[in-house]
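Participant: Got model04.tsv for you, TSV, C-alpha atoms and all ligand atoms:
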```tsv
chain	number	residue	atom	x	y	z
A	851	MET	CA	1.48	-14.88	-26.84
A	852	ARG	CA	5.23	-15.05	-26.07
A	853	ASN	CA	6.86	-18.44	-25.42
A	854	PHE	CA	7.59	-19.31	-21.78
A	855	ASP	CA	9.05	-22.20	-19.80
A	856	TYR	CA	6.71	-24.33	-17.67
A	857	ALA	CA	7.37	-26.12	-14.38
A	858	ALA	CA	5.03	-28.12	-12.16
A	859	PRO	CA	6.68	-28.54	-8.73
A	860	THR	CA	5.23	-30.90	-6.15
A	861	SER	CA	6.36	-29.11	-2.99
A	862	LEU	CA	6.18	-25.55	-1.64
A	863	ALA	CA	9.98	-25.44	-1.20
A	864	GLU	CA	10.53	-26.41	-4.84
A	865	ALA	CA	7.99	-23.80	-6.01
A	866	ALA	CA	9.64	-21.06	-3.93
A	867	SER	CA	13.06	-22.04	-5.27
A	868	LEU	CA	11.85	-21.96	-8.89
A	869	LEU	CA	10.19	-18.55	-8.37
A	870	ALA	CA	13.23	-17.07	-6.60
A	871	ARG	CA	15.93	-18.35	-8.97
A	872	ALA	CA	14.18	-17.86	-12.31
A	873	PRO	CA	15.92	-15.33	-14.53
A	874	GLY	CA	13.30	-12.86	-15.82
A	875	THR	CA	9.68	-12.95	-14.77
A	876	ALA	CA	8.26	-16.05	-13.10
A	877	ARG	CA	4.52	-16.29	-12.49
A	878	VAL	CA	2.41	-18.71	-10.49
A	879	LEU	CA	-0.33	-20.57	-12.37
A	880	ALA	CA	-3.29	-21.72	-10.26
A	881	GLY	CA	-6.56	-22.09	-12.20
A	882	GLY	CA	-5.16	-19.88	-14.97
A	883	THR	CA	-8.50	-18.11	-15.52
A	884	ASP	CA	-6.83	-14.71	-15.12
A	885	LEU	CA	-3.23	-15.55	-15.99
A	886	ILE	CA	-3.77	-17.38	-19.29
A	887	VAL	CA	-6.08	-14.60	-20.52
A	888	GLN	CA	-3.52	-11.95	-19.51
A	889	LEU	CA	-0.61	-13.78	-21.19
A	890	ARG	CA	-2.64	-14.31	-24.36
A	891	GLU	CA	-3.61	-10.66	-24.52
A	892	ASN	CA	-0.03	-9.56	-23.69
A	893	VAL	CA	-1.26	-7.68	-20.62
A	894	ARG	CA	1.29	-9.65	-18.58
A	895	GLU	CA	4.51	-11.40	-19.59
A	896	ALA	CA	6.20	-14.50	-18.21
A	897	ASP	CA	9.52	-16.23	-18.84
A	898	LEU	CA	8.55	-19.08	-16.51
A	899	VAL	CA	5.08	-20.26	-15.47
A	900	VAL	CA	5.03	-22.28	-12.24
A	901	ASP	CA	1.94	-24.50	-12.07
A	902	VAL	CA	1.25	-25.05	-8.37
A	903	LYS	CA	-1.74	-27.37	-8.57
A	904	ARG	CA	0.38	-30.47	-7.92
A	905	ILE	CA	1.42	-29.19	-4.49
A	906	PRO	CA	-0.93	-30.97	-2.05
A	907	GLU	CA	-1.08	-28.11	0.52
A	908	LEU	CA	-2.28	-25.68	-2.15
A	909	THR	CA	-5.51	-27.58	-2.80
A	910	GLU	CA	-6.22	-28.37	0.87
A	911	LEU	CA	-9.65	-27.56	2.29
A	912	ALA	CA	-9.72	-28.36	5.99
A	913	TYR	CA	-12.55	-27.13	8.20
A	914	SER	CA	-13.56	-27.75	11.78
A	915	ALA	CA	-15.79	-25.66	14.02
A	916	GLY	CA	-12.95	-25.47	16.56
A	917	THR	CA	-10.03	-24.48	14.35
A	918	GLY	CA	-11.74	-22.67	11.48
A	919	LEU	CA	-11.01	-23.01	7.78
A	920	HIS	CA	-7.61	-23.63	6.20
A	921	LEU	CA	-8.06	-23.05	2.49
A	922	GLY	CA	-5.19	-23.92	0.14
A	923	ALA	CA	-4.58	-20.94	-2.14
A	924	SER	CA	-5.32	-22.90	-5.35
A	925	THR	CA	-8.42	-24.77	-4.17
A	926	PRO	CA	-11.07	-24.30	-6.87
A	927	CYS	CA	-14.13	-22.21	-5.96
A	928	TYR	CA	-16.66	-25.02	-6.48
A	929	ARG	CA	-15.19	-26.94	-3.52
A	930	ILE	CA	-16.15	-24.05	-1.23
A	931	TYR	CA	-19.80	-23.64	-2.22
A	932	GLU	CA	-20.36	-27.40	-2.59
A	933	ASP	CA	-19.19	-27.99	0.99
A	934	PRO	CA	-22.26	-27.58	3.25
A	935	ALA	CA	-20.25	-27.05	6.47
A	936	VAL	CA	-17.96	-24.42	4.92
A	937	SER	CA	-20.87	-22.62	3.21
A	938	ALA	CA	-22.76	-22.51	6.52
A	939	ALA	CA	-19.76	-21.29	8.52
A	940	TYR	CA	-18.54	-18.70	5.97
A	941	PRO	CA	-21.57	-17.74	3.84
A	942	ALA	CA	-19.93	-14.56	2.47
A	943	LEU	CA	-17.10	-16.66	1.04
A	944	ALA	CA	-19.59	-19.12	-0.49
A	945	ASP	CA	-21.64	-16.20	-1.91
A	946	ALA	CA	-18.51	-14.97	-3.72
A	947	ALA	CA	-17.21	-18.39	-4.81
A	948	ARG	CA	-20.61	-19.17	-6.35
A	949	ILE	CA	-20.59	-16.10	-8.63
A	950	ILE	CA	-16.99	-16.10	-9.87
A	951	GLY	CA	-17.56	-16.87	-13.56
A	952	GLY	CA	-19.80	-19.76	-14.60
A	953	TRP	CA	-19.49	-23.51	-14.04
A	954	GLN	CA	-16.34	-23.91	-16.13
A	955	ILE	CA	-14.57	-21.01	-14.43
A	956	SER	CA	-15.46	-21.99	-10.87
A	957	SER	CA	-14.16	-25.51	-11.44
A	958	ARG	CA	-10.67	-24.01	-11.98
A	959	ALA	CA	-10.61	-20.52	-10.45
A	960	SER	CA	-9.27	-20.21	-6.92
A	961	VAL	CA	-9.76	-17.67	-4.13
A	962	GLY	CA	-5.96	-17.43	-3.86
A	963	GLY	CA	-5.74	-16.56	-7.56
A	964	ASN	CA	-8.52	-14.01	-7.16
A	965	LEU	CA	-6.62	-12.39	-4.27
A	966	CYS	CA	-3.17	-12.53	-5.94
A	967	ASN	CA	-4.60	-10.99	-9.12
A	968	SER	CA	-5.37	-8.12	-6.71
A	969	SER	CA	-8.12	-6.44	-8.71
A	970	PRO	CA	-10.18	-4.17	-6.43
A	971	ALA	CA	-13.23	-5.72	-8.12
A	972	GLY	CA	-12.30	-9.37	-7.38
A	973	ASP	CA	-15.36	-10.95	-5.81
A	974	SER	CA	-13.73	-12.94	-3.01
A	975	LEU	CA	-11.66	-10.06	-1.65
A	976	ALA	CA	-14.31	-8.19	0.36
A	977	PRO	CA	-15.45	-11.45	2.04
A	978	LEU	CA	-11.81	-12.19	2.98
A	979	LEU	CA	-11.63	-8.84	4.79
A	980	ALA	CA	-15.07	-9.18	6.38
A	981	LEU	CA	-14.22	-12.69	7.59
A	982	ASP	CA	-10.85	-11.51	8.94
A	983	ALA	CA	-8.84	-14.04	6.90
A	984	ARG	CA	-5.05	-14.27	7.18
A	985	CYS	CA	-2.72	-14.99	4.28
A	986	VAL	CA	0.08	-17.53	4.76
A	987	ILE	CA	2.96	-16.66	2.44
A	988	VAL	CA	5.86	-19.02	1.71
A	989	GLY	CA	9.29	-18.05	0.37
A	990	LEU	CA	12.86	-19.34	0.42
A	991	ASP	CA	13.37	-17.84	3.89
A	992	GLY	CA	10.30	-19.48	5.42
A	993	THR	CA	6.73	-18.52	6.15
A	994	ARG	CA	5.10	-15.21	7.06
A	995	GLU	CA	1.51	-14.13	7.63
A	996	VAL	CA	-0.34	-10.97	6.69
A	997	ALA	CA	-3.95	-9.99	7.23
A	998	ALA	CA	-6.04	-10.16	4.05
A	999	ALA	CA	-6.80	-6.47	4.69
A	1000	ASP	CA	-3.08	-5.67	4.19
A	1001	PHE	CA	-2.40	-7.97	1.21
A	1002	CYS	CA	-3.26	-5.73	-1.77
A	1003	THR	CA	-1.30	-2.51	-2.14
A	1004	ALA	CA	-2.64	-1.05	-5.42
A	1005	PRO	CA	-4.68	-2.29	-8.41
A	1006	GLY	CA	-2.92	-5.49	-9.57
A	1007	ARG	CA	-0.25	-5.20	-6.85
A	1008	ASN	CA	0.27	-6.94	-3.51
A	1009	VAL	CA	2.82	-7.64	-0.79
A	1010	LEU	CA	4.30	-10.76	-2.42
A	1011	ALA	CA	8.04	-10.37	-3.06
A	1012	LYS	CA	10.03	-12.21	-5.75
A	1013	GLY	CA	10.24	-15.87	-4.79
A	1014	GLU	CA	7.14	-15.79	-2.60
A	1015	LEU	CA	3.80	-17.47	-3.15
A	1016	LEU	CA	0.53	-17.53	-1.28
A	1017	ALA	CA	0.19	-20.95	0.34
A	1018	LYS	CA	-3.14	-20.73	2.13
A	1019	LEU	CA	-5.84	-18.58	3.66
A	1020	VAL	CA	-6.79	-19.12	7.29
A	1021	PHE	CA	-10.23	-18.12	8.56
A	1022	PRO	CA	-11.03	-17.85	12.30
A	1023	ALA	CA	-13.42	-20.40	13.78
A	1024	PRO	CA	-17.03	-19.21	13.48
A	1025	ALA	CA	-18.24	-17.17	16.48
A	1026	PRO	CA	-21.61	-17.81	18.13
A	1027	LYS	CA	-24.58	-15.82	16.76
A	1028	ALA	CA	-22.45	-14.54	13.87
A	1029	SER	CA	-22.83	-14.71	10.11
A	1030	SER	CA	-21.92	-12.93	6.88
A	1031	ALA	CA	-22.95	-12.08	3.33
A	1032	TYR	CA	-21.53	-10.74	0.05
A	1033	GLU	CA	-23.31	-8.98	-2.82
A	1034	ARG	CA	-22.09	-7.19	-5.90
A	1035	PHE	CA	-23.77	-5.07	-8.52
A	1036	ILE	CA	-23.14	-5.97	-12.15
A	1037	PRO	CA	-25.04	-4.81	-15.24
A	1038	ARG	CA	-25.69	-8.40	-16.36
A	1039	ASN	CA	-26.46	-11.47	-14.26
A	1040	GLU	CA	-23.17	-13.23	-14.89
A	1041	MET	CA	-19.73	-13.03	-16.48
A	1042	ASP	CA	-19.18	-9.40	-15.56
A	1043	ILE	CA	-16.92	-7.36	-13.31
A	1044	ALA	CA	-18.44	-5.85	-10.18
A	1045	VAL	CA	-19.30	-2.14	-10.43
A	1046	ALA	CA	-19.36	-2.20	-6.63
A	1047	GLY	CA	-19.49	-4.93	-3.98
A	1048	ALA	CA	-19.93	-5.20	-0.22
A	1049	SER	CA	-19.44	-7.92	2.33
A	1050	SER	CA	-20.68	-7.79	5.91
A	1051	TRP	CA	-19.89	-9.94	8.94
A	1052	VAL	CA	-21.83	-9.39	12.15
A	1053	GLN	CA	-21.97	-10.92	15.60
A	1054	LEU	CA	-25.12	-10.50	17.72
A	1055	ASN	CA	-25.62	-10.69	21.48
A	1056	ALA	CA	-27.23	-13.79	23.03
A	1057	ALA	CA	-30.71	-12.25	22.70
A	1058	GLY	CA	-30.05	-11.66	18.99
A	1059	ASP	CA	-31.21	-8.04	19.04
A	1060	THR	CA	-27.92	-6.08	19.27
A	1061	ILE	CA	-24.78	-6.05	17.14
A	1062	ILE	CA	-21.74	-6.68	19.35
A	1063	ASP	CA	-19.11	-6.82	16.57
A	1064	ALA	CA	-19.08	-6.08	12.84
A	1065	ARG	CA	-16.80	-5.91	9.82
A	1066	VAL	CA	-18.01	-4.41	6.55
A	1067	ALA	CA	-15.68	-4.42	3.52
A	1068	LEU	CA	-16.11	-2.75	0.13
A	1069	SER	CA	-14.91	-3.74	-3.34
A	1070	ALA	CA	-14.51	-1.87	-6.64
A	1071	VAL	CA	-14.87	1.55	-5.00
A	1072	ALA	CA	-11.20	2.30	-4.18
A	1073	PRO	CA	-7.74	1.31	-5.52
A	1074	THR	CA	-7.84	-1.72	-3.21
A	1075	VAL	CA	-10.60	-3.53	-1.38
A	1076	ARG	CA	-11.00	-1.85	2.00
A	1077	LEU	CA	-12.74	-2.05	5.35
A	1078	ALA	CA	-15.49	0.51	5.98
A	1079	THR	CA	-13.83	1.60	9.22
A	1080	ALA	CA	-16.26	4.34	10.33
A	1081	ALA	CA	-19.28	2.08	9.76
A	1082	ASN	CA	-17.60	-0.82	11.56
A	1083	ARG	CA	-16.85	1.28	14.62
A	1084	TRP	CA	-20.35	2.76	14.73
A	1085	LEU	CA	-22.15	-0.60	14.33
A	1086	VAL	CA	-20.92	-2.01	17.66
A	1087	GLY	CA	-23.73	-1.74	20.23
A	1088	GLN	CA	-26.42	-0.76	17.70
A	1089	PRO	CA	-29.78	-2.57	17.51
A	1090	ALA	CA	-29.97	-5.13	14.71
A	1091	VAL	CA	-32.74	-3.31	12.82
A	1092	GLU	CA	-33.18	-1.82	9.34
A	1093	ALA	CA	-32.48	1.77	10.43
A	1094	THR	CA	-29.06	0.61	11.68
A	1095	PHE	CA	-28.25	-1.12	8.38
A	1096	GLU	CA	-29.27	2.03	6.50
A	1097	ARG	CA	-27.12	4.34	8.65
A	1098	ALA	CA	-24.15	1.96	8.33
A	1099	GLY	CA	-24.59	2.13	4.54
A	1100	GLU	CA	-24.41	5.94	4.71
A	1101	LEU	CA	-21.26	5.80	6.85
A	1102	ALA	CA	-19.68	3.21	4.54
A	1103	ARG	CA	-20.06	5.63	1.62
A	1104	GLU	CA	-17.47	7.82	3.35
A	1105	SER	CA	-14.92	4.98	3.10
A	1106	ALA	CA	-15.37	4.74	-0.68
A	1107	SER	CA	-13.18	6.70	-3.09
A	1108	PRO	CA	-14.46	5.41	-6.42
A	1109	ILE	CA	-13.62	6.46	-9.97
A	1110	SER	CA	-15.94	7.03	-12.91
A	1111	ASP	CA	-15.44	4.62	-15.80
A	1112	MET	CA	-17.50	2.91	-18.49
A	1113	ARG	CA	-19.20	0.74	-15.86
A	1114	GLY	CA	-20.36	3.48	-13.52
A	1115	THR	CA	-19.89	7.01	-12.23
A	1116	VAL	CA	-18.54	8.07	-8.85
A	1117	GLU	CA	-22.06	9.05	-7.72
A	1118	PHE	CA	-23.56	5.74	-8.87
A	1119	ARG	CA	-20.86	3.72	-7.10
A	1120	ARG	CA	-21.33	5.66	-3.84
A	1121	HIS	CA	-25.08	5.04	-4.10
A	1122	LEU	CA	-24.42	1.32	-4.63
A	1123	VAL	CA	-22.23	1.16	-1.52
A	1124	GLY	CA	-25.18	2.33	0.61
A	1125	VAL	CA	-27.57	-0.18	-0.97
A	1126	LEU	CA	-25.18	-3.15	-0.85
A	1127	VAL	CA	-24.03	-2.53	2.72
A	1128	LYS	CA	-27.64	-2.27	3.90
A	1129	ARG	CA	-28.58	-5.49	2.09
A	1130	THR	CA	-25.57	-7.52	3.20
A	1131	LEU	CA	-26.00	-6.44	6.83
A	1132	ALA	CA	-29.66	-7.46	6.71
A	1133	THR	CA	-28.75	-10.84	5.19
A	1134	ALA	CA	-25.90	-11.44	7.64
A	1135	VAL	CA	-28.17	-10.66	10.61
A	1136	ALA	CA	-30.96	-12.89	9.24
A	1137	ARG	CA	-28.45	-15.71	8.76
A	1138	ALA	CA	-27.03	-15.26	12.26
A	1139	LEU	CA	-30.55	-15.45	13.73
A	1140	ALA	CA	-31.32	-18.53	11.65
A	1141	GLY	CA	-28.18	-20.17	13.02
A	1142	GLU	CA	-26.44	-20.53	9.66
A	1201	LIG	C1	-15.08	-15.94	-18.18
A	1201	LIG	C2	-14.49	-15.41	-16.91
A	1201	LIG	C3	-15.35	-14.96	-15.91
A	1201	LIG	C4	-14.83	-14.45	-14.72
A	1201	LIG	N1	-15.71	-14.01	-13.76
A	1201	LIG	C5	-15.21	-13.49	-12.61
A	1201	LIG	C6	-16.11	-13.01	-11.60
A	1201	LIG	O1	-17.32	-13.07	-11.75
A	1201	LIG	N2	-15.56	-12.49	-10.48
A	1201	LIG	C7	-14.20	-12.42	-10.27
A	1201	LIG	O2	-13.77	-11.94	-9.22
A	1201	LIG	N3	-13.34	-12.87	-11.21
A	1201	LIG	C8	-13.81	-13.41	-12.37
A	1201	LIG	N4	-12.93	-13.85	-13.32
A	1201	LIG	C9	-11.49	-13.75	-13.09
A	1201	LIG	C10	-10.86	-15.06	-12.50
A	1201	LIG	O3	-11.62	-16.19	-12.81
A	1201	LIG	C11	-10.72	-14.96	-10.97
A	1201	LIG	O4	-9.95	-13.83	-10.61
A	1201	LIG	C12	-10.10	-16.25	-10.38
A	1201	LIG	O5	-10.41	-16.33	-9.00
A	1201	LIG	C13	-8.60	-16.35	-10.57
A	1201	LIG	O6	-8.17	-17.57	-9.99
A	1201	LIG	P1	-7.17	-18.56	-10.74
A	1201	LIG	O7	-6.94	-19.68	-9.82
A	1201	LIG	O8	-7.68	-18.91	-12.10
A	1201	LIG	O9	-5.88	-17.62	-10.84
A	1201	LIG	P2	-4.72	-17.58	-11.93
A	1201	LIG	O10	-5.24	-17.04	-13.21
A	1201	LIG	O11	-4.01	-18.87	-11.99
A	1201	LIG	O12	-3.78	-16.50	-11.22
A	1201	LIG	C14	-4.18	-15.16	-11.08
A	1201	LIG	C15	-3.00	-14.31	-10.63
A	1201	LIG	O13	-2.59	-14.66	-9.33
A	1201	LIG	C16	-1.27	-15.21	-9.31
A	1201	LIG	N5	-1.33	-16.34	-8.41
A	1201	LIG	C17	-2.25	-17.34	-8.41
A	1201	LIG	N6	-2.06	-18.15	-7.37
A	1201	LIG	C18	-1.02	-17.66	-6.67
A	1201	LIG	C19	-0.34	-18.09	-5.50
A	1201	LIG	N7	-0.72	-19.18	-4.80
A	1201	LIG	N8	0.70	-17.35	-5.05
A	1201	LIG	C20	1.11	-16.26	-5.75
A	1201	LIG	N9	0.52	-15.81	-6.87
A	1201	LIG	C21	-0.54	-16.51	-7.34
A	1201	LIG	C22	-0.95	-15.57	-10.75
A	1201	LIG	O14	0.42	-15.50	-11.05
A	1201	LIG	C23	-1.75	-14.50	-11.50
A	1201	LIG	O15	-1.03	-13.29	-11.53
A	1201	LIG	C24	-13.43	-14.39	-14.53
A	1201	LIG	C25	-12.55	-14.87	-15.53
A	1201	LIG	C26	-13.08	-15.37	-16.70
A	1201	LIG	C27	-12.12	-15.89	-17.76
```
Could you spell out this file's structure in structure tokens?
Facilitator:
Amino acid sequence: MRNFDYAAPTSLAEAASLLARAPGTARVLAGGTDLIVQLRENVREADLVVDVKRIPELTELAYSAGTGLHLGASTPCYRIYEDPAVSAAYPALADAARIIGGWQISSRASVGGNLCNSSPAGDSLAPLLALDARCVIVGLDGTREVAAADFCTAPGRNVLAKGELLAKLVFPAPAPKASSAYERFIPRNEMDIAVAGASSWVQLNAAGDTIIDARVALSAVAPTVRLATAANRWLVGQPAVEATFERAGELARESASPISDMRGTVEFRRHLVGVLVKRTLATAVARALAGE
């Protein structure tokens, strides 16, 4: 591992200034569960590592039913799934936070780090799209917002420019009769990268028998995590029954453009999309009916 300088700013402005003015490559360190591994293995290089965990806003977790969730980018995953109100309001996010690594990893790893690492297989990414999260980005020139769906641009790449960092993720307040779910397929039960993943958010009518809005997102089956647009359009107005979930799974396969690699073939990944979309829709509907 190459030597690098280390800084631990205590404000967003200081962090942005360090990132913008550093000669060479400056990288943000949140939990370090991706970055340290990548630096050690010389997959990434850094001249300056900016540890952002001392910036209070970055480890904020503020939730209310009226204003939604404001999640500091470096808040460790365990704080999400150990918070009963947040887990109930955003179950897909809790599903993902719970399975990112084991105990040691989830006590450090953040959703912001997962997103900024920008792997199409990152577990929290599909839930961010399904839950319609927005990314608040801070730089020397101020603050800007982008939808989570527009954040990643290619494997390992995103919209952050030099000098910018992700400050927080903002999730809309939970809607009535709505809920969500995330599932992935991995060959082993833990410590593995998703071969495919799907997250579904649905809103039902007052009677609870018809889908009035839906967002399904897919991971590990395209260069970036993406919304299953055709399925999402079709789902609106459909009855909340198994045949609907199955058909949505078939439509979602059309949104996938997977590759074959050592973890799975194109055909296997497309098959998984159908299965995972069907399952996550069923779970999201069951949760919405149960009032989660
Ligand atoms: C044993 C093990 C198991 C794992 N299991 C899983 C798993 O099951 N699922 C999964 O998805 N991942 C897994 N990972 C990968 C990793 O834990 C996650 O991607 C984690 O969410 C990264 O978060 P972090 O806070 O540690 O990010 P870091 O490693 O600190 O940062 C990751 C990247 O994002 C950048 N970054 C971080 N925060 C910001 C910010 N605020 N603004 C701008 N850039 C930023 C960093 O510069 C770096 O490039 C695993 C890793 C290990 C070591």
Participant: Which residues are near ligand LIG 1201 (chain A) in this structure, taking near to mean any atom at most 7 Å from a ligand atom and counting only C-alpha atoms and all ligand atoms? Format them as an MDAnalysis selection string.
Facilitator: chainID A and resid 877:887 923:924 926 949:952 955 958:967 971:974 1014:1017 1040:1043
Participant: Work out how far CA of Phe1021 (chain A) is from CA of Gly918 (chain A), in Å to one decimal.
Facilitator: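 Distance reported for this atom pair: 5.6 Å.
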Participant: So, counting all atoms listed in the file, which residue among A:Asp897, A:Glu1033, A:Glu891, A:Asp945 is closest to Pro873 (chain A)?
Facilitator: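 Going through A:Asp897, A:Glu1033, A:Glu891, A:Asp945 one by one, the smallest distance to Pro873 (chain A) is for A:Asp897.
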Participant: So that I can see what lies close to Arg871 (chain A), please list as a ChimeraX atom specification the residues with an atom at most 10 Å from it, counting all atoms listed in the file and leaving out residues fewer than 4 positions away in the same chain.
Facilitator: /A:866-867,876,990,1012-1013
Participant: A:Ala1080, A:Ala1106, A:Val936, A:Ala1023: which is nearest Ala1046 (chain A), counting all atoms listed in the file?
Facilitator: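 Under the stated criterion, the closest residue is A:Ala1106.
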Participant: How many Å lie between CA of Thr909 (chain A) and CA of Lys1018 (chain A), rounded to one decimal?
Facilitator: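 A separation of 8.8 Å between them.
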Participant: State, in Å with one decimal place, the distance from CA of Arg904 (chain A) to CA of Ala863 (chain A).
Facilitator: 12.8 Å
Participant: Using all atoms listed in the file, which residue out of A:Asp1059, A:Asp1000, A:Glu1117, A:Glu895 lies closest to Leu979 (chain A)?
Facilitator: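 Looking at the shortest contact to Leu979 (chain A), the residue is A:Asp1000.
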Participant: So, counting only C-alpha atoms, which residue among A:Arg1076, A:Arg852, A:Arg1007, A:Lys1128 is closest to Ala980 (chain A)?
Facilitator: A:Arg1076
Participant: Counting all atoms listed in the file, figure out which residue out of A:Val1071, A:Ala997, A:Ala942, A:Leu1019 gets nearest to Gly922 (chain A).
Facilitator: A:Leu1019
Participant: Show which residues sit within 12 Å of region 1093-1105 of chain A, as a VMD selection string. Count only C-alpha atoms, and ignore same-chain residues fewer than 6 positions away.
Facilitator: chain A and resid 1046 to 1050 1052 1059 to 1061 1064 to 1087 1116 to 1135
Participant: Just need the box for region 1024-1038 of chain A, edges along x, y and z, holding every atom the file lists for it with 5 Å tacked onto each side, so centre and edge lengths in Å to one decimal, as JSON.
Facilitator:
```
{"center_x": -21.4, "center_y": -12.0, "center_z": 0.9, "size_x": 18.7, "size_y": 24.4, "size_z": 44.5}
```
Participant: I'd like to know which of A:Ala865, A:Met851, A:Gly1058, A:Ala1140 is closest to Val988 (chain A), using only C-alpha atoms.
Facilitator: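 The answer is A:Ala865, which sits nearest to Val988 (chain A).
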Participant: Could you check which residues have any atom within 10 Å of (-14.9, -25.7, 16.8), counting only C-alpha atoms with coordinates taken straight from the file, and then list them as a list in words?
Facilitator: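 Residues satisfying the cut-off, written out: Tyr913, Ser914, Ala915, Gly916, Thr917, Gly918, Pro1022, Ala1023, Pro1024 and Ala1025 of chain A.
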Participant: Supply region 914-932 of chain A as a PDB file, keeping the file's coordinate frame, with N, CA and C atoms built in where the input has gaps.
Facilitator:
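Saved to rebuild.pdb:
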```
ATOM      1  N   SER A 914     -12.881 -27.224  10.592  1.00  0.00           N
ATOM      2  CA  SER A 914     -13.560 -27.750  11.780  1.00  0.00           C
ATOM      3  C   SER A 914     -14.070 -26.550  12.563  1.00  0.00           C
ATOM      4  N   ALA A 915     -15.175 -26.768  13.277  1.00  0.00           N
ATOM      5  CA  ALA A 915     -15.790 -25.660  14.020  1.00  0.00           C
ATOM      6  C   ALA A 915     -14.841 -25.104  15.069  1.00  0.00           C
ATOM      7  N   GLY A 916     -13.884 -25.927  15.522  1.00  0.00           N
ATOM      8  CA  GLY A 916     -12.950 -25.470  16.560  1.00  0.00           C
ATOM      9  C   GLY A 916     -11.774 -24.700  16.016  1.00  0.00           C
ATOM     10  N   THR A 917     -11.263 -25.106  14.854  1.00  0.00           N
ATOM     11  CA  THR A 917     -10.030 -24.480  14.350  1.00  0.00           C
ATOM     12  C   THR A 917     -10.257 -23.557  13.170  1.00  0.00           C
ATOM     13  N   GLY A 918     -11.459 -23.542  12.622  1.00  0.00           N
ATOM     14  CA  GLY A 918     -11.740 -22.670  11.480  1.00  0.00           C
ATOM     15  C   GLY A 918     -11.409 -23.331  10.163  1.00  0.00           C
ATOM     16  N   LEU A 919     -11.223 -22.504   9.145  1.00  0.00           N
ATOM     17  CA  LEU A 919     -11.010 -23.010   7.780  1.00  0.00           C
ATOM     18  C   LEU A 919      -9.578 -22.727   7.337  1.00  0.00           C
ATOM     19  N   HIS A 920      -8.911 -23.776   6.845  1.00  0.00           N
ATOM     20  CA  HIS A 920      -7.610 -23.630   6.200  1.00  0.00           C
ATOM     21  C   HIS A 920      -7.825 -23.948   4.730  1.00  0.00           C
ATOM     22  N   LEU A 921      -7.717 -22.916   3.912  1.00  0.00           N
ATOM     23  CA  LEU A 921      -8.060 -23.050   2.490  1.00  0.00           C
ATOM     24  C   LEU A 921      -6.791 -22.901   1.658  1.00  0.00           C
ATOM     25  N   GLY A 922      -6.346 -23.991   1.036  1.00  0.00           N
ATOM     26  CA  GLY A 922      -5.190 -23.920   0.140  1.00  0.00           C
ATOM     27  C   GLY A 922      -5.440 -22.866  -0.931  1.00  0.00           C
ATOM     28  N   ALA A 923      -4.397 -22.105  -1.260  1.00  0.00           N
ATOM     29  CA  ALA A 923      -4.580 -20.940  -2.140  1.00  0.00           C
ATOM     30  C   ALA A 923      -5.145 -21.313  -3.510  1.00  0.00           C
ATOM     31  N   SER A 924      -4.882 -22.540  -3.989  1.00  0.00           N
ATOM     32  CA  SER A 924      -5.320 -22.900  -5.350  1.00  0.00           C
ATOM     33  C   SER A 924      -6.559 -23.799  -5.366  1.00  0.00           C
ATOM     34  N   THR A 925      -7.203 -23.942  -4.228  1.00  0.00           N
ATOM     35  CA  THR A 925      -8.420 -24.770  -4.170  1.00  0.00           C
ATOM     36  C   THR A 925      -9.504 -24.151  -5.047  1.00  0.00           C
ATOM     37  N   PRO A 926     -10.070 -24.912  -5.991  1.00  0.00           N
ATOM     38  CA  PRO A 926     -11.070 -24.300  -6.870  1.00  0.00           C
ATOM     39  C   PRO A 926     -12.336 -23.863  -6.126  1.00  0.00           C
ATOM     40  N   CYS A 927     -12.967 -22.809  -6.648  1.00  0.00           N
ATOM     41  CA  CYS A 927     -14.130 -22.210  -5.960  1.00  0.00           C
ATOM     42  C   CYS A 927     -15.266 -23.197  -5.715  1.00  0.00           C
ATOM     43  N   TYR A 928     -15.488 -24.130  -6.637  1.00  0.00           N
ATOM     44  CA  TYR A 928     -16.660 -25.020  -6.480  1.00  0.00           C
ATOM     45  C   TYR A 928     -16.562 -25.839  -5.191  1.00  0.00           C
ATOM     46  N   ARG A 929     -15.326 -26.117  -4.741  1.00  0.00           N
ATOM     47  CA  ARG A 929     -15.190 -26.940  -3.520  1.00  0.00           C
ATOM     48  C   ARG A 929     -15.657 -26.177  -2.289  1.00  0.00           C
ATOM     49  N   ILE A 930     -15.674 -24.853  -2.368  1.00  0.00           N
ATOM     50  CA  ILE A 930     -16.150 -24.050  -1.230  1.00  0.00           C
ATOM     51  C   ILE A 930     -17.678 -24.098  -1.182  1.00  0.00           C
ATOM     52  N   TYR A 931     -18.330 -23.735  -2.302  1.00  0.00           N
ATOM     53  CA  TYR A 931     -19.800 -23.640  -2.220  1.00  0.00           C
ATOM     54  C   TYR A 931     -20.476 -25.007  -2.252  1.00  0.00           C
ATOM     55  N   GLU A 932     -19.750 -26.055  -2.634  1.00  0.00           N
ATOM     56  CA  GLU A 932     -20.360 -27.400  -2.590  1.00  0.00           C
ATOM     57  C   GLU A 932     -20.143 -28.075  -1.241  1.00  0.00           C
TER      58      GLU A 932
END
```
